[in-house]
$ cat data.cif   # mmCIF, C-alpha atoms
data_run
loop_
_atom_site.group_PDB
_atom_site.id
_atom_site.type_symbol
_atom_site.label_atom_id
_atom_site.label_comp_id
_atom_site.auth_asym_id
_atom_site.auth_seq_id
_atom_site.Cartn_x
_atom_site.Cartn_y
_atom_site.Cartn_z
ATOM 1 C CA MET H 1 87.090 95.151 121.521
ATOM 2 C CA SER H 2 89.070 92.015 120.685
ATOM 3 C CA ALA H 3 88.655 88.766 122.564
ATOM 4 C CA ALA H 4 91.261 87.478 124.942
ATOM 5 C CA ALA H 5 93.804 84.898 123.847
ATOM 6 C CA ALA H 6 92.741 81.285 124.251
ATOM 7 C CA GLY H 7 93.236 80.078 127.797
ATOM 8 C CA ASP H 8 93.113 83.549 129.327
ATOM 9 C CA GLY H 9 89.377 83.273 129.900
ATOM 10 C CA PRO H 10 86.918 86.146 130.020
ATOM 11 C CA TRP H 11 88.968 88.075 132.581
ATOM 12 C CA LEU H 12 91.484 89.504 130.089
ATOM 13 C CA ASP H 13 91.038 91.693 127.028
ATOM 14 C CA ASP H 14 93.820 92.437 124.521
ATOM 15 C CA ALA H 15 93.031 96.148 124.377
ATOM 16 C CA ALA H 16 91.856 96.847 127.919
ATOM 17 C CA GLY H 17 94.007 94.399 129.866
ATOM 18 C CA ARG H 18 92.633 92.740 132.967
ATOM 19 C CA LEU H 19 88.863 93.293 133.178
ATOM 20 C CA VAL H 20 88.616 92.279 136.830
ATOM 21 C CA ARG H 21 90.813 94.137 139.302
ATOM 22 C CA PRO H 22 93.241 91.766 141.050
ATOM 23 C CA PHE H 23 91.990 92.570 144.544
ATOM 24 C CA THR H 24 88.424 91.817 143.442
ATOM 25 C CA VAL H 25 89.608 88.236 142.945
ATOM 26 C CA SER H 26 90.521 88.039 146.644
ATOM 27 C CA ASN H 27 87.417 89.982 147.758
ATOM 28 C CA GLY H 28 89.659 92.867 148.782
ATOM 29 C CA ARG H 29 91.650 90.749 151.230
ATOM 30 C CA THR H 30 95.375 91.412 151.380
ATOM 31 C CA GLU H 31 96.373 89.125 154.249
ATOM 32 C CA PRO H 32 96.518 85.370 153.639
ATOM 33 C CA SER H 33 95.325 83.187 156.516
ATOM 34 C CA VAL H 34 98.408 80.967 156.100
ATOM 35 C CA ALA H 35 102.001 82.221 156.131
ATOM 36 C CA LEU H 36 103.339 81.700 152.605
ATOM 37 C CA ASP H 37 106.721 82.703 151.231
ATOM 38 C CA LEU H 38 107.220 83.245 147.496
ATOM 39 C CA MET H 39 109.398 80.139 147.522
ATOM 40 C CA SER H 40 106.917 78.027 149.525
ATOM 41 C CA GLN H 41 105.896 74.869 147.719
ATOM 42 C CA VAL H 42 102.189 74.127 147.318
ATOM 43 C CA MET H 43 100.589 70.918 146.073
ATOM 44 C CA ALA H 44 97.035 69.675 145.589
ATOM 45 C CA THR H 45 95.863 67.094 148.108
ATOM 46 C CA GLY H 46 93.076 65.643 145.987
ATOM 47 C CA VAL H 47 90.389 66.989 148.335
ATOM 48 C CA THR H 48 87.604 68.785 146.449
ATOM 49 C CA PRO H 49 86.872 72.192 148.007
ATOM 50 C CA LEU H 50 83.326 72.552 149.304
ATOM 51 C CA GLY H 51 81.346 75.529 148.083
ATOM 52 C CA TYR H 52 82.132 78.027 145.357
ATOM 53 C CA LEU H 53 85.578 79.596 145.451
ATOM 54 C CA GLY H 54 85.928 81.186 142.015
ATOM 55 C CA PRO H 55 87.627 80.555 138.682
ATOM 56 C CA GLU H 56 91.044 81.741 139.882
ATOM 57 C CA HIS H 57 90.932 79.221 142.731
ATOM 58 C CA ALA H 58 90.222 76.462 140.218
ATOM 59 C CA GLN H 59 93.082 77.628 137.994
ATOM 60 C CA ALA H 60 95.459 77.739 140.967
ATOM 61 C CA LEU H 61 94.403 74.282 142.099
ATOM 62 C CA ASP H 62 94.955 72.938 138.589
ATOM 63 C CA LEU H 63 98.487 74.412 138.551
ATOM 64 C CA CYS H 64 99.270 72.675 141.841
ATOM 65 C CA ARG H 65 98.850 69.080 140.656
ATOM 66 C CA ALA H 66 102.628 68.795 141.113
ATOM 67 C CA PRO H 67 104.640 70.754 143.712
ATOM 68 C CA VAL H 68 105.039 74.345 142.563
ATOM 69 C CA SER H 69 106.229 77.546 144.211
ATOM 70 C CA VAL H 70 103.888 80.395 145.124
ATOM 71 C CA ALA H 71 105.864 82.663 142.767
ATOM 72 C CA GLU H 72 105.256 80.290 139.842
ATOM 73 C CA VAL H 73 101.521 80.148 140.550
ATOM 74 C CA ALA H 74 101.376 83.961 140.660
ATOM 75 C CA ALA H 75 103.208 84.180 137.333
ATOM 76 C CA HIS H 76 100.894 81.680 135.630
ATOM 77 C CA LEU H 77 97.776 83.381 137.011
ATOM 78 C CA LYS H 78 99.149 86.827 136.088
ATOM 79 C CA LEU H 79 98.176 88.100 139.533
ATOM 80 C CA PRO H 80 100.155 90.004 142.165
ATOM 81 C CA ALA H 81 101.875 87.740 144.681
ATOM 82 C CA VAL H 82 99.783 88.987 147.610
ATOM 83 C CA VAL H 83 96.523 88.153 145.786
ATOM 84 C CA THR H 84 97.895 84.727 144.845
ATOM 85 C CA LYS H 85 98.863 84.088 148.469
ATOM 86 C CA VAL H 86 95.283 84.863 149.562
ATOM 87 C CA LEU H 87 93.862 82.486 146.935
ATOM 88 C CA LEU H 88 96.293 79.724 147.894
ATOM 89 C CA SER H 89 95.616 80.211 151.604
ATOM 90 C CA ASP H 90 91.879 79.784 150.888
ATOM 91 C CA LEU H 91 92.709 76.443 149.265
ATOM 92 C CA VAL H 92 94.933 75.433 152.196
ATOM 93 C CA ASP H 93 92.116 76.367 154.611
ATOM 94 C CA CYS H 94 89.693 74.015 152.843
ATOM 95 C CA GLN H 95 92.389 71.299 152.745
ATOM 96 C CA ALA H 96 92.595 71.256 148.936
ATOM 97 C CA LEU H 97 96.283 72.263 149.081
ATOM 98 C CA THR H 98 99.177 71.405 151.296
ATOM 99 C CA THR H 99 102.181 73.647 151.744
ATOM 100 C CA LYS H 100 105.712 73.398 152.979
ATOM 101 C CA PRO H 101 108.198 76.186 153.588
ATOM 102 C CA PRO H 102 111.174 76.588 151.284
ATOM 103 C CA VAL H 103 114.207 74.483 152.095
ATOM 104 C CA PHE H 104 117.529 76.282 152.199
ATOM 105 C CA HIS H 105 120.705 74.240 152.111
ATOM 106 C CA HIS H 106 122.728 77.145 153.454
ATOM 107 C CA THR H 107 122.004 79.609 156.195
ATOM 108 C CA PRO H 108 121.883 83.008 154.438
ATOM 109 C CA THR H 109 124.031 84.488 157.211
ATOM 110 C CA ASP H 110 126.555 81.643 157.271
ATOM 111 C CA ARG H 111 129.928 83.328 157.792
ATOM 112 C CA SER H 112 131.854 81.043 155.430
ATOM 113 C CA LEU H 113 129.306 81.629 152.664
ATOM 114 C CA LEU H 114 129.464 85.412 153.129
ATOM 115 C CA GLU H 115 133.284 85.327 153.124
ATOM 116 C CA ALA H 116 133.277 83.305 149.880
ATOM 117 C CA VAL H 117 130.965 85.865 148.256
ATOM 118 C CA LEU H 118 133.171 88.714 149.487
ATOM 119 C CA ASP H 119 136.300 86.993 148.130
ATOM 120 C CA GLY H 120 134.614 86.523 144.758
ATOM 121 C CA LEU H 121 133.629 90.176 144.634
ATOM 122 C CA ARG H 122 137.143 91.293 145.515
ATOM 123 C CA ARG H 123 138.590 89.202 142.661
ATOM 124 C CA GLN H 124 136.252 90.969 140.239
ATOM 125 C CA LEU H 125 137.559 94.410 141.202
#

$ encode --input "data.cif" --output "structure tokens"
Amino acid sequence: MSAAAAGDGPWLDDAAGRLVRPFTVSNGRTEPSVALDLMSQVMATGVTPLGYLGPEHAQALDLCRAPVSVAEVAAHLKLPAVVTKVLLSDLVDCQALTTKPPVFHHTPTDRSLLEAVLDGLRRQL
């Protein structure tokens, strides 16, 4: 059995893949305690979490030194989004992370925006 690539830690193996099931990382929880969207921005507050949270929590906290989206954290951790949301919500609960919802400059159902998309599609036909 070959060792994992540097930086992947003991949780990955080249031949076997992930050695720890993703939902083991979140203790089987699938519902985050904080509402997080994939585009939500999370950022470390500088508060050190009390108690042991796990290596994935530490990795997530390290990734959040600058504002980053939930989707980006999930990609870097190589974990499903729902597991990442649970980990991040744990960090928000202990005040180690702060979060803000995604900012949209346009309302997705804005009539003028939808008409512009429709016009563009018609020109392509």

$ resolve_selection --input "data.cif" --expression "the PyMOL selection byres ((chain H and resi 60) around 10)" --output "CSV table (one decimal) with C-alpha atoms, in the coordinates of the input"
chain,number,residue,atom,x,y,z
H,42,VAL,CA,102.2,74.1,147.3
H,43,MET,CA,100.6,70.9,146.1
H,44,ALA,CA,97.0,69.7,145.6
H,55,PRO,CA,87.6,80.6,138.7
H,56,GLU,CA,91.0,81.7,139.9
H,57,HIS,CA,90.9,79.2,142.7
H,58,ALA,CA,90.2,76.5,140.2
H,59,GLN,CA,93.1,77.6,138.0
H,61,LEU,CA,94.4,74.3,142.1
H,62,ASP,CA,95.0,72.9,138.6
H,63,LEU,CA,98.5,74.4,138.6
H,64,CYS,CA,99.3,72.7,141.8
H,65,ARG,CA,98.8,69.1,140.7
H,70,VAL,CA,103.9,80.4,145.1
H,73,VAL,CA,101.5,80.1,140.6
H,74,ALA,CA,101.4,84.0,140.7
H,76,HIS,CA,100.9,81.7,135.6
H,77,LEU,CA,97.8,83.4,137.0
H,84,THR,CA,97.9,84.7,144.8
H,87,LEU,CA,93.9,82.5,146.9
H,88,LEU,CA,96.3,79.7,147.9
H,91,LEU,CA,92.7,76.4,149.3
H,97,LEU,CA,96.3,72.3,149.1

$ resolve_selection --input "data.cif" --expression "the PyMOL selection byres ((chain H and resi 95) around 9)" --output "MDAnalysis selection string"
chainID H and resid 44:49 90:94 96:98

$ closest_residue --input "data.cif" --among "H:Gly120, H:Pro80, H:Gly51, H:Pro101" --to "Asp37 in chain H" --atoms "all atoms listed in the file"
H:Pro101

$ atom_distance --input "data.cif" --atom1 "CA of Gln41 in chain H" --atom2 "CA of Pro102 in chain H"
6.6 Å

$ resolve_selection --input "data.cif" --expression "the PyMOL selection byres ((chain H and resi 38) around 7)" --output "number ranges by chain"
H: 36-37, 39-40, 69-71

$ closest_residue --input "data.cif" --among "H:Arg111, H:Lys100, H:Arg29, H:Arg122" --to "Val83 in chain H" --atoms "all atoms listed in the file"
H:Arg29

$ atom_distance --input "data.cif" --atom1 "CA of Ala35 in chain H" --atom2 "CA of Leu79 in chain H"
18.0 Å

$ atom_distance --input "data.cif" --atom1 "CA of Asp110 in chain H" --atom2 "CA of Leu125 in chain H"
23.3 Å

$ closest_residue --input "data.cif" --among "H:Ala81, H:Leu50, H:Ala66, H:Val86" --to "Ser33 in chain H" --atoms "all atoms listed in the file"
H:Val86

$ closest_residue --input "data.cif" --among "H:Val68, H:Val82, H:Leu113, H:Ala75" --to "Val34 in chain H" --atoms "all atoms listed in the file"
H:Val82
